[in-house]
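Pasting target_34.pdb here (PDB, C-alpha atoms and all ligand atoms):
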```pdb
ATOM      1  CA  MET A   1       0.000   0.000   0.000  1.00  0.00           C
ATOM      2  CA  GLY A   2       1.480   3.383  -1.024  1.00  0.00           C
ATOM      3  CA  TYR A   3       0.304   6.822  -0.040  1.00  0.00           C
ATOM      4  CA  ILE A   4      -0.064  10.198  -1.683  1.00  0.00           C
ATOM      5  CA  LEU A   5       1.054  12.940   0.673  1.00  0.00           C
ATOM      6  CA  VAL A   6      -1.511  15.764   0.554  1.00  0.00           C
ATOM      7  CA  LEU A   7       0.567  18.500   2.137  1.00  0.00           C
ATOM      8  CA  TYR A   8      -1.001  21.900   2.619  1.00  0.00           C
ATOM      9  CA  TYR A   9      -1.243  25.089   4.630  1.00  0.00           C
ATOM     10  CA  SER A  10      -4.624  26.676   5.274  1.00  0.00           C
ATOM     11  CA  ARG A  11      -5.544  29.556   7.548  1.00  0.00           C
ATOM     12  CA  PHE A  12      -9.259  29.958   6.845  1.00  0.00           C
ATOM     13  CA  GLY A  13     -10.129  26.418   5.748  1.00  0.00           C
ATOM     14  CA  ALA A  14     -10.563  26.676   1.968  1.00  0.00           C
ATOM     15  CA  THR A  15      -7.314  24.945   1.041  1.00  0.00           C
ATOM     16  CA  ALA A  16      -8.003  22.353   3.757  1.00  0.00           C
ATOM     17  CA  GLU A  17     -11.348  21.518   2.144  1.00  0.00           C
ATOM     18  CA  MET A  18      -9.636  21.118  -1.244  1.00  0.00           C
ATOM     19  CA  ALA A  19      -7.095  18.774   0.389  1.00  0.00           C
ATOM     20  CA  ARG A  20      -9.897  16.565   1.731  1.00  0.00           C
ATOM     21  CA  LEU A  21     -11.491  16.318  -1.726  1.00  0.00           C
ATOM     22  CA  ILE A  22      -8.157  15.478  -3.360  1.00  0.00           C
ATOM     23  CA  GLY A  23      -7.696  12.810  -0.695  1.00  0.00           C
ATOM     24  CA  ARG A  24     -11.023  11.238  -1.625  1.00  0.00           C
ATOM     25  CA  GLY A  25      -9.919  11.070  -5.271  1.00  0.00           C
ATOM     26  CA  VAL A  26      -6.653   9.410  -4.213  1.00  0.00           C
ATOM     27  CA  GLU A  27      -8.517   6.747  -2.255  1.00  0.00           C
ATOM     28  CA  GLU A  28     -10.499   5.669  -5.318  1.00  0.00           C
ATOM     29  CA  VAL A  29      -7.325   4.120  -6.693  1.00  0.00           C
ATOM     30  CA  PRO A  30      -6.657   0.574  -5.470  1.00  0.00           C
ATOM     31  CA  ARG A  31      -3.702   0.146  -3.089  1.00  0.00           C
ATOM     32  CA  MET A  32      -3.268   3.914  -2.695  1.00  0.00           C
ATOM     33  CA  GLU A  33      -4.221   5.936   0.339  1.00  0.00           C
ATOM     34  CA  ALA A  34      -4.133   9.649   1.121  1.00  0.00           C
ATOM     35  CA  ARG A  35      -1.990  10.961   3.964  1.00  0.00           C
ATOM     36  CA  LEU A  36      -3.092  14.505   4.844  1.00  0.00           C
ATOM     37  CA  ARG A  37      -0.488  16.657   6.565  1.00  0.00           C
ATOM     38  CA  THR A  38      -0.210  20.357   7.301  1.00  0.00           C
ATOM     39  CA  VAL A  39       2.516  22.748   8.434  1.00  0.00           C
ATOM     40  CA  PRO A  40       2.585  25.170  11.380  1.00  0.00           C
ATOM     41  CA  ALA A  41       2.281  28.928  10.947  1.00  0.00           C
ATOM     42  CA  VAL A  42       5.534  30.870  11.027  1.00  0.00           C
ATOM     43  CA  SER A  43       5.984  33.752  13.424  1.00  0.00           C
ATOM     44  CA  ALA A  44       7.907  37.018  13.301  1.00  0.00           C
ATOM     45  CA  VAL A  45       8.810  36.306  16.926  1.00  0.00           C
ATOM     46  CA  CYS A  46      11.795  33.996  16.563  1.00  0.00           C
ATOM     47  CA  GLU A  47      11.384  32.482  20.027  1.00  0.00           C
ATOM     48  CA  ALA A  48       7.778  31.476  19.416  1.00  0.00           C
ATOM     49  CA  THR A  49       7.307  27.759  18.831  1.00  0.00           C
ATOM     50  CA  GLU A  50       4.163  25.843  17.978  1.00  0.00           C
ATOM     51  CA  ASP A  51       3.055  22.760  19.857  1.00  0.00           C
ATOM     52  CA  SER A  52       4.202  19.699  17.928  1.00  0.00           C
ATOM     53  CA  ILE A  53       0.550  18.641  17.535  1.00  0.00           C
ATOM     54  CA  PRO A  54      -1.921  21.066  15.916  1.00  0.00           C
ATOM     55  CA  PRO A  55      -5.069  21.955  17.890  1.00  0.00           C
ATOM     56  CA  ALA A  56      -7.266  20.523  15.089  1.00  0.00           C
ATOM     57  CA  GLY A  57      -6.960  18.767  11.758  1.00  0.00           C
ATOM     58  CA  PRO A  58      -4.196  16.537  10.430  1.00  0.00           C
ATOM     59  CA  PRO A  59      -0.734  16.310  12.042  1.00  0.00           C
ATOM     60  CA  TYR A  60       2.191  18.437  10.960  1.00  0.00           C
ATOM     61  CA  ALA A  61       4.315  16.919   8.200  1.00  0.00           C
ATOM     62  CA  ASP A  62       7.907  15.892   8.643  1.00  0.00           C
ATOM     63  CA  THR A  63      10.431  15.201   5.922  1.00  0.00           C
ATOM     64  CA  GLU A  64       9.958  11.448   6.369  1.00  0.00           C
ATOM     65  CA  ASP A  65       6.344  11.863   5.148  1.00  0.00           C
ATOM     66  CA  LEU A  66       7.831  13.273   1.947  1.00  0.00           C
ATOM     67  CA  ARG A  67      10.652  10.759   1.638  1.00  0.00           C
ATOM     68  CA  GLN A  68       8.307   7.772   1.858  1.00  0.00           C
ATOM     69  CA  CYS A  69       5.401   9.065  -0.270  1.00  0.00           C
ATOM     70  CA  ALA A  70       4.380   7.603  -3.633  1.00  0.00           C
ATOM     71  CA  GLY A  71       3.387  11.086  -4.826  1.00  0.00           C
ATOM     72  CA  LEU A  72       2.669  14.581  -3.552  1.00  0.00           C
ATOM     73  CA  ALA A  73      -0.228  17.050  -3.768  1.00  0.00           C
ATOM     74  CA  LEU A  74       0.945  20.423  -2.474  1.00  0.00           C
ATOM     75  CA  GLY A  75      -1.650  23.052  -1.535  1.00  0.00           C
ATOM     76  CA  SER A  76      -1.457  26.662  -0.378  1.00  0.00           C
ATOM     77  CA  PRO A  77      -3.604  29.766  -0.218  1.00  0.00           C
ATOM     78  CA  THR A  78      -2.420  32.420  -2.659  1.00  0.00           C
ATOM     79  CA  ARG A  79      -0.412  35.109  -0.886  1.00  0.00           C
ATOM     80  CA  PHE A  80       0.521  37.997  -3.155  1.00  0.00           C
ATOM     81  CA  GLY A  81       0.531  35.641  -6.133  1.00  0.00           C
ATOM     82  CA  ASN A  82       2.727  33.086  -4.429  1.00  0.00           C
ATOM     83  CA  MET A  83       2.556  30.236  -1.910  1.00  0.00           C
ATOM     84  CA  ALA A  84       2.180  31.034   1.799  1.00  0.00           C
ATOM     85  CA  ALA A  85       5.340  31.408   3.883  1.00  0.00           C
ATOM     86  CA  PRO A  86       4.676  28.429   6.202  1.00  0.00           C
ATOM     87  CA  LEU A  87       4.685  26.037   3.260  1.00  0.00           C
ATOM     88  CA  LYS A  88       7.749  27.668   1.724  1.00  0.00           C
ATOM     89  CA  TYR A  89       9.476  27.460   5.098  1.00  0.00           C
ATOM     90  CA  PHE A  90       8.762  23.733   5.244  1.00  0.00           C
ATOM     91  CA  LEU A  91      10.042  23.222   1.686  1.00  0.00           C
ATOM     92  CA  ASP A  92      13.193  25.196   2.479  1.00  0.00           C
ATOM     93  CA  GLY A  93      13.965  22.504   5.056  1.00  0.00           C
ATOM     94  CA  THR A  94      13.988  19.715   2.463  1.00  0.00           C
ATOM     95  CA  SER A  95      17.610  20.137   1.290  1.00  0.00           C
ATOM     96  CA  PRO A  96      18.622  16.683   2.612  1.00  0.00           C
ATOM     97  CA  LEU A  97      15.941  15.140   0.370  1.00  0.00           C
ATOM     98  CA  TRP A  98      17.231  17.164  -2.588  1.00  0.00           C
ATOM     99  CA  LEU A  99      20.837  16.157  -1.904  1.00  0.00           C
ATOM    100  CA  SER A 100      19.950  12.471  -1.846  1.00  0.00           C
ATOM    101  CA  GLY A 101      17.517  12.672  -4.786  1.00  0.00           C
ATOM    102  CA  ALA A 102      14.812  11.119  -2.622  1.00  0.00           C
ATOM    103  CA  LEU A 103      11.924  12.681  -4.559  1.00  0.00           C
ATOM    104  CA  VAL A 104      13.272  12.181  -8.103  1.00  0.00           C
ATOM    105  CA  GLY A 105      10.682  10.542 -10.361  1.00  0.00           C
ATOM    106  CA  LYS A 106       7.733  10.863  -7.980  1.00  0.00           C
ATOM    107  CA  PRO A 107       4.553  12.418  -9.401  1.00  0.00           C
ATOM    108  CA  ALA A 108       3.417  15.719  -7.887  1.00  0.00           C
ATOM    109  CA  ALA A 109       0.684  18.315  -8.349  1.00  0.00           C
ATOM    110  CA  VAL A 110      -0.368  21.630  -6.819  1.00  0.00           C
ATOM    111  CA  PHE A 111      -3.579  23.374  -5.713  1.00  0.00           C
ATOM    112  CA  THR A 112      -4.550  26.785  -4.372  1.00  0.00           C
ATOM    113  CA  SER A 113      -7.324  29.061  -3.141  1.00  0.00           C
ATOM    114  CA  THR A 114      -7.725  32.821  -3.606  1.00  0.00           C
ATOM    115  CA  SER A 115     -10.115  35.508  -2.458  1.00  0.00           C
ATOM    116  CA  SER A 116     -10.405  37.139  -5.893  1.00  0.00           C
ATOM    117  CA  LEU A 117     -10.949  35.650  -9.336  1.00  0.00           C
ATOM    118  CA  HIS A 118      -7.886  37.202 -10.966  1.00  0.00           C
ATOM    119  CA  GLY A 119      -5.822  37.362  -7.794  1.00  0.00           C
ATOM    120  CA  GLY A 120      -3.052  35.046  -8.930  1.00  0.00           C
ATOM    121  CA  GLN A 121      -4.250  31.452  -8.979  1.00  0.00           C
ATOM    122  CA  GLU A 122      -2.193  30.488 -12.033  1.00  0.00           C
ATOM    123  CA  ALA A 123       0.854  32.456 -10.856  1.00  0.00           C
ATOM    124  CA  THR A 124       0.721  30.676  -7.501  1.00  0.00           C
ATOM    125  CA  LEU A 125       0.286  27.249  -9.051  1.00  0.00           C
ATOM    126  CA  LEU A 126       3.148  27.741 -11.497  1.00  0.00           C
ATOM    127  CA  SER A 127       5.471  29.081  -8.802  1.00  0.00           C
ATOM    128  CA  MET A 128       4.601  26.161  -6.514  1.00  0.00           C
ATOM    129  CA  MET A 129       5.825  23.807  -9.244  1.00  0.00           C
ATOM    130  CA  LEU A 130       9.342  25.283  -9.195  1.00  0.00           C
ATOM    131  CA  PRO A 131      10.669  23.620  -6.017  1.00  0.00           C
ATOM    132  CA  LEU A 132       9.040  20.360  -7.099  1.00  0.00           C
ATOM    133  CA  LEU A 133      10.926  20.502 -10.408  1.00  0.00           C
ATOM    134  CA  HIS A 134      14.164  21.186  -8.521  1.00  0.00           C
ATOM    135  CA  HIS A 135      13.459  18.007  -6.574  1.00  0.00           C
ATOM    136  CA  GLY A 136      13.114  16.100  -9.860  1.00  0.00           C
ATOM    137  CA  MET A 137       9.433  15.352  -9.372  1.00  0.00           C
ATOM    138  CA  LEU A 138       7.134  14.639 -12.324  1.00  0.00           C
ATOM    139  CA  VAL A 139       4.685  17.540 -12.236  1.00  0.00           C
ATOM    140  CA  LEU A 140       1.114  16.836 -13.355  1.00  0.00           C
ATOM    141  CA  GLY A 141      -1.710  19.211 -14.154  1.00  0.00           C
ATOM    142  CA  LEU A 142      -5.297  18.602 -15.205  1.00  0.00           C
ATOM    143  CA  PRO A 143      -6.186  17.684 -18.810  1.00  0.00           C
ATOM    144  CA  TYR A 144      -9.069  19.381 -20.653  1.00  0.00           C
ATOM    145  CA  THR A 145     -10.775  16.013 -20.891  1.00  0.00           C
ATOM    146  CA  GLU A 146     -11.890  17.153 -17.440  1.00  0.00           C
ATOM    147  CA  THR A 147     -14.560  19.281 -19.087  1.00  0.00           C
ATOM    148  CA  ASP A 148     -15.197  21.223 -15.887  1.00  0.00           C
ATOM    149  CA  LEU A 149     -12.125  23.208 -16.938  1.00  0.00           C
ATOM    150  CA  LEU A 150     -14.150  24.568 -19.857  1.00  0.00           C
ATOM    151  CA  ARG A 151     -17.293  25.311 -17.857  1.00  0.00           C
ATOM    152  CA  THR A 152     -16.077  26.696 -14.550  1.00  0.00           C
ATOM    153  CA  ALA A 153     -17.033  30.265 -13.657  1.00  0.00           C
ATOM    154  CA  ALA A 154     -14.885  30.148 -10.512  1.00  0.00           C
ATOM    155  CA  GLY A 155     -11.657  28.156  -9.936  1.00  0.00           C
ATOM    156  CA  GLY A 156     -10.107  25.265 -11.857  1.00  0.00           C
ATOM    157  CA  THR A 157      -7.055  25.480 -14.121  1.00  0.00           C
ATOM    158  CA  PRO A 158      -4.971  23.127 -16.267  1.00  0.00           C
ATOM    159  CA  TYR A 159      -2.096  23.822 -13.860  1.00  0.00           C
ATOM    160  CA  GLY A 160      -4.060  22.331 -10.979  1.00  0.00           C
ATOM    161  CA  PRO A 161      -7.289  22.750  -9.022  1.00  0.00           C
ATOM    162  CA  SER A 162      -8.080  26.168  -7.570  1.00  0.00           C
ATOM    163  CA  HIS A 163     -10.881  27.722  -5.594  1.00  0.00           C
ATOM    164  CA  LEU A 164     -12.421  31.169  -5.537  1.00  0.00           C
ATOM    165  CA  ALA A 165     -13.111  31.654  -1.822  1.00  0.00           C
ATOM    166  CA  GLY A 166     -14.337  35.272  -2.012  1.00  0.00           C
ATOM    167  CA  THR A 167     -13.298  38.322  -0.047  1.00  0.00           C
ATOM    168  CA  GLU A 168     -14.865  36.935   3.146  1.00  0.00           C
ATOM    169  CA  SER A 169     -13.392  33.448   2.500  1.00  0.00           C
ATOM    170  CA  ASP A 170     -16.915  32.079   2.757  1.00  0.00           C
ATOM    171  CA  ARG A 171     -17.738  30.858  -0.761  1.00  0.00           C
ATOM    172  CA  PRO A 172     -18.194  27.080  -0.733  1.00  0.00           C
ATOM    173  CA  LEU A 173     -16.416  25.094  -3.424  1.00  0.00           C
ATOM    174  CA  SER A 174     -18.470  24.978  -6.629  1.00  0.00           C
ATOM    175  CA  ASP A 175     -19.377  21.596  -8.101  1.00  0.00           C
ATOM    176  CA  GLU A 176     -16.775  22.121 -10.833  1.00  0.00           C
ATOM    177  CA  GLU A 177     -14.068  22.995  -8.302  1.00  0.00           C
ATOM    178  CA  LYS A 178     -14.947  19.928  -6.232  1.00  0.00           C
ATOM    179  CA  ARG A 179     -14.849  17.574  -9.209  1.00  0.00           C
ATOM    180  CA  LEU A 180     -11.492  18.950 -10.338  1.00  0.00           C
ATOM    181  CA  CYS A 181      -9.990  18.378  -6.873  1.00  0.00           C
ATOM    182  CA  HIS A 182     -11.298  14.842  -6.930  1.00  0.00           C
ATOM    183  CA  ALA A 183      -9.968  14.290 -10.470  1.00  0.00           C
ATOM    184  CA  LEU A 184      -6.527  15.514  -9.506  1.00  0.00           C
ATOM    185  CA  GLY A 185      -6.293  13.162  -6.534  1.00  0.00           C
ATOM    186  CA  LYS A 186      -7.330  10.235  -8.686  1.00  0.00           C
ATOM    187  CA  ARG A 187      -4.930  11.154 -11.504  1.00  0.00           C
ATOM    188  CA  LEU A 188      -2.015  11.555  -9.136  1.00  0.00           C
ATOM    189  CA  ALA A 189      -2.658   8.245  -7.394  1.00  0.00           C
ATOM    190  CA  ALA A 190      -3.212   6.389 -10.694  1.00  0.00           C
ATOM    191  CA  THR A 191       0.052   7.822 -12.045  1.00  0.00           C
ATOM    192  CA  ALA A 192       1.949   6.818  -8.901  1.00  0.00           C
ATOM    193  CA  ALA A 193       0.503   3.309  -9.194  1.00  0.00           C
ATOM    194  CA  ALA A 194       1.370   3.088 -12.904  1.00  0.00           C
ATOM    195  CA  LEU A 195       4.946   4.133 -12.064  1.00  0.00           C
ATOM    196  CA  GLY A 196       5.088   1.256  -9.592  1.00  0.00           C
ATOM    197  CA  ARG A 197       5.409   3.564  -6.580  1.00  0.00           C
TER
HETATM  198  C1  LIG B   1      -1.099  37.959   3.312  1.00  0.00           C
HETATM  199  C2  LIG B   1      -2.182  37.534   2.376  1.00  0.00           C
HETATM  200  C3  LIG B   1      -2.015  37.692   1.006  1.00  0.00           C
HETATM  201  C4  LIG B   1      -3.029  37.330   0.118  1.00  0.00           C
HETATM  202  N1  LIG B   1      -2.827  37.506  -1.223  1.00  0.00           N
HETATM  203  C5  LIG B   1      -3.825  37.215  -2.081  1.00  0.00           C
HETATM  204  C6  LIG B   1      -3.651  37.408  -3.484  1.00  0.00           C
HETATM  205  O1  LIG B   1      -2.583  37.774  -3.961  1.00  0.00           O
HETATM  206  N2  LIG B   1      -4.719  37.157  -4.286  1.00  0.00           N
HETATM  207  C7  LIG B   1      -5.924  36.737  -3.806  1.00  0.00           C
HETATM  208  O2  LIG B   1      -6.875  36.580  -4.573  1.00  0.00           O
HETATM  209  N3  LIG B   1      -6.094  36.458  -2.482  1.00  0.00           N
HETATM  210  C8  LIG B   1      -5.071  36.707  -1.615  1.00  0.00           C
HETATM  211  N4  LIG B   1      -5.240  36.448  -0.277  1.00  0.00           N
HETATM  212  C9  LIG B   1      -6.454  35.781   0.173  1.00  0.00           C
HETATM  213  C10 LIG B   1      -6.265  34.248   0.312  1.00  0.00           C
HETATM  214  O3  LIG B   1      -5.579  33.701  -0.774  1.00  0.00           O
HETATM  215  C11 LIG B   1      -7.642  33.578   0.394  1.00  0.00           C
HETATM  216  O4  LIG B   1      -8.357  34.086   1.488  1.00  0.00           O
HETATM  217  C12 LIG B   1      -7.549  32.056   0.468  1.00  0.00           C
HETATM  218  O5  LIG B   1      -8.763  31.520   0.021  1.00  0.00           O
HETATM  219  C13 LIG B   1      -7.294  31.572   1.904  1.00  0.00           C
HETATM  220  O6  LIG B   1      -7.185  30.167   1.905  1.00  0.00           O
HETATM  221  P1  LIG B   1      -7.387  29.345   3.258  1.00  0.00           P
HETATM  222  O7  LIG B   1      -8.867  29.400   3.594  1.00  0.00           O
HETATM  223  O8  LIG B   1      -6.962  27.956   2.928  1.00  0.00           O
HETATM  224  O9  LIG B   1      -6.531  29.974   4.313  1.00  0.00           O
HETATM  225  C14 LIG B   1      -4.241  36.791   0.616  1.00  0.00           C
HETATM  226  C15 LIG B   1      -4.404  36.591   1.997  1.00  0.00           C
HETATM  227  C16 LIG B   1      -3.388  36.965   2.871  1.00  0.00           C
HETATM  228  C17 LIG B   1      -3.584  36.754   4.358  1.00  0.00           C
END
```

Go through the file and emit its structure as structure tokens.
Amino acid sequence: MGYILVLYYSRFGATAEMARLIGRGVEEVPRMEARLRTVPAVSAVCEATEDSIPPAGPPYADTEDLRQCAGLALGSPTRFGNMAAPLKYFLDGTSPLWLSGALVGKPAAVFTSTSSLHGGQEATLLSMMLPLLHHGMLVLGLPYTETDLLRTAAGGTPYGPSHLAGTESDRPLSDEEKRLCHALGKRLAATAAALGR
């Protein structure tokens, strides 16, 4: 049994909901399971440390979760057109995995949530792919055979699933956004299985 690591940061819950839907898609593939993990917030106060266990939701990831995974779905809210600092901070601690080539050849994909429609979903998704390419991962998007890509009036891109959460972060995922999350999880897990991961 292999697992797809669904690794994300979420402050208001939108990216977390996308992670759960991607996880359900993963679990439709035989002999693949989803392992949901998050990362702690970072603080400007250097002495501040988080408890090692979050107050709610999945546990915090460690680099072993990444080393052992069959594939990776990486999710972040858009922050000024880029991934959120807590996720970047976690990735910046993965040099030992890069040095040993531990992630080379593993499939990976990215997802994001924004408050505004043109607030940088594609920019965030593309920039989130960069560290994954440095790690030698095989980056997947979504094909247009997922026809929700043609119909969506909210999120959903060929670079990965996205969600338009609105300025109050209270818009639920649309049916198209949900299906695209699910499709990505399934595609990632099926690819990992086909690669013999
Ligand atoms: C510091 C900061 C920067 C943000 N930058 C953007 C942005 O560039 N474009 C955008 O549409 N939304 C931006 N947002 C809004 C978040 O992307 C949006 O609320 C997202 O849905 C939150 O996801 P979450 O519920 O998983 O935390 C920003 C929010 C914060 C706190």

>> As a check of understanding, name the residues that the PyMOL selection byres (((chain A and resi 32) around 12) and not hetatm) selects in the supplied structure, as a PyMOL selection string.
In response: chain A and resi 1-5+23-31+33-35+69-71+185-194+196-197

- Task: Work out how far apart atom CA of Ser76 of chain A and atom CA of Leu130 of chain A are and give it in Å to one decimal.
- Result: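 Those two atoms sit 14.0 Å apart.
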
Within 6 Å of ligand LIG 1 (chain B) (counting only C-alpha atoms and all ligand atoms), which residues show up? I'd like them as a list in words.
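Answer in the requested format: Ser10, Arg11, Phe12, Gly13, Ala14, Thr15, Ala16, Pro77, Thr78, Arg79, Phe80, Gly81, Ser113, Thr114, Ser115, Ser116, Gly119, Gly120, Ala165 and Ser169 of chain A.
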
>> Give me the residues near Leu103 of chain A as a count of residues only, where near means some atom within 12 Å (using only C-alpha atoms) and where sequence neighbours in that chain fewer than 3 positions away do not count.
In response: 30

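By chain and then residue number, the residues within 10 Å of Lys88 of chain A are Tyr9, Val39, Ser76, Asn82, Met83, Ala84, Asp92, Gly93, Met128 and Pro131 of chain A, counting all atoms listed in the file and disregarding those fewer than 4 positions away in sequence.
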
Notebook entry, point to check: Which polymer residues have any atom within 9 Å of an atom of segment 153-155 of chain A, counting all atoms listed in the file, with same-chain residues fewer than 5 positions away left out, as a list of chain:residue names?
Noted result: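 Within the cut-off, the hits are A:Ser113, A:Thr114, A:Leu117, A:Gln121, A:Pro161, A:Ser162, A:His163, A:Leu164, A:Ala165, A:Leu173, A:Ser174, A:Glu176, A:Glu177.
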
| If you count all atoms listed in the file, which residues fall within 6 Å of Leu7 of chain A, apart from same-chain ones fewer than 2 positions away, as a ChimeraX atom specification? | /A:5,37-38,74

How many Å lie between atom CA of Thr112 of chain A and atom CA of Gly160 of chain A, rounded to one decimal?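 Pair atom CA of Thr112 of chain A / atom CA of Gly160 of chain A returns 8.0 Å.
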
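Taking atom CA of Tyr144 of chain A as the reference point, atom CA of His182 of chain A is found at 14.6 Å.
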
Using only the atoms of segment 188-197 of chain A listed in the file, plus 3 Å on each side, state the axis-aligned box centre and edge lengths in Å rounded to one decimal, as lines of an AutoDock Vina configuration file.
```
center_x = 1.1
center_y = 6.4
center_z = -9.7
size_x = 14.6
size_y = 16.3
size_z = 12.3
```

For the provided coordinates, the residues matched by the PyMOL selection byres (((chain A and resi 142) around 9) and not hetatm) should be stated as a CSV table (one decimal) with C-alpha atoms, in the frame of the given file.
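Output file part02.csv follows:
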```csv
chain,number,residue,atom,x,y,z
A,140,LEU,CA,1.1,16.8,-13.4
A,141,GLY,CA,-1.7,19.2,-14.2
A,143,PRO,CA,-6.2,17.7,-18.8
A,144,TYR,CA,-9.1,19.4,-20.7
A,145,THR,CA,-10.8,16.0,-20.9
A,146,GLU,CA,-11.9,17.2,-17.4
A,149,LEU,CA,-12.1,23.2,-16.9
A,156,GLY,CA,-10.1,25.3,-11.9
A,157,THR,CA,-7.1,25.5,-14.1
A,158,PRO,CA,-5.0,23.1,-16.3
A,159,TYR,CA,-2.1,23.8,-13.9
A,160,GLY,CA,-4.1,22.3,-11.0
A,161,PRO,CA,-7.3,22.8,-9.0
A,180,LEU,CA,-11.5,19.0,-10.3
A,183,ALA,CA,-10.0,14.3,-10.5
A,184,LEU,CA,-6.5,15.5,-9.5
A,187,ARG,CA,-4.9,11.2,-11.5
```

Would you list the contacts of Gly75 of chain A as a ChimeraX atom specification, taking every protein, DNA or RNA residue within 6 Å and counting all atoms listed in the file, but skipping same-chain residues closer than 6 positions in sequence?
/A:8,110-112

Min atom-atom distance to Ala85 of chain A from the set A:Ser43, A:Ser52, A:Ser127, A:Thr147, counting only C-alpha atoms, belongs to A:Ser43
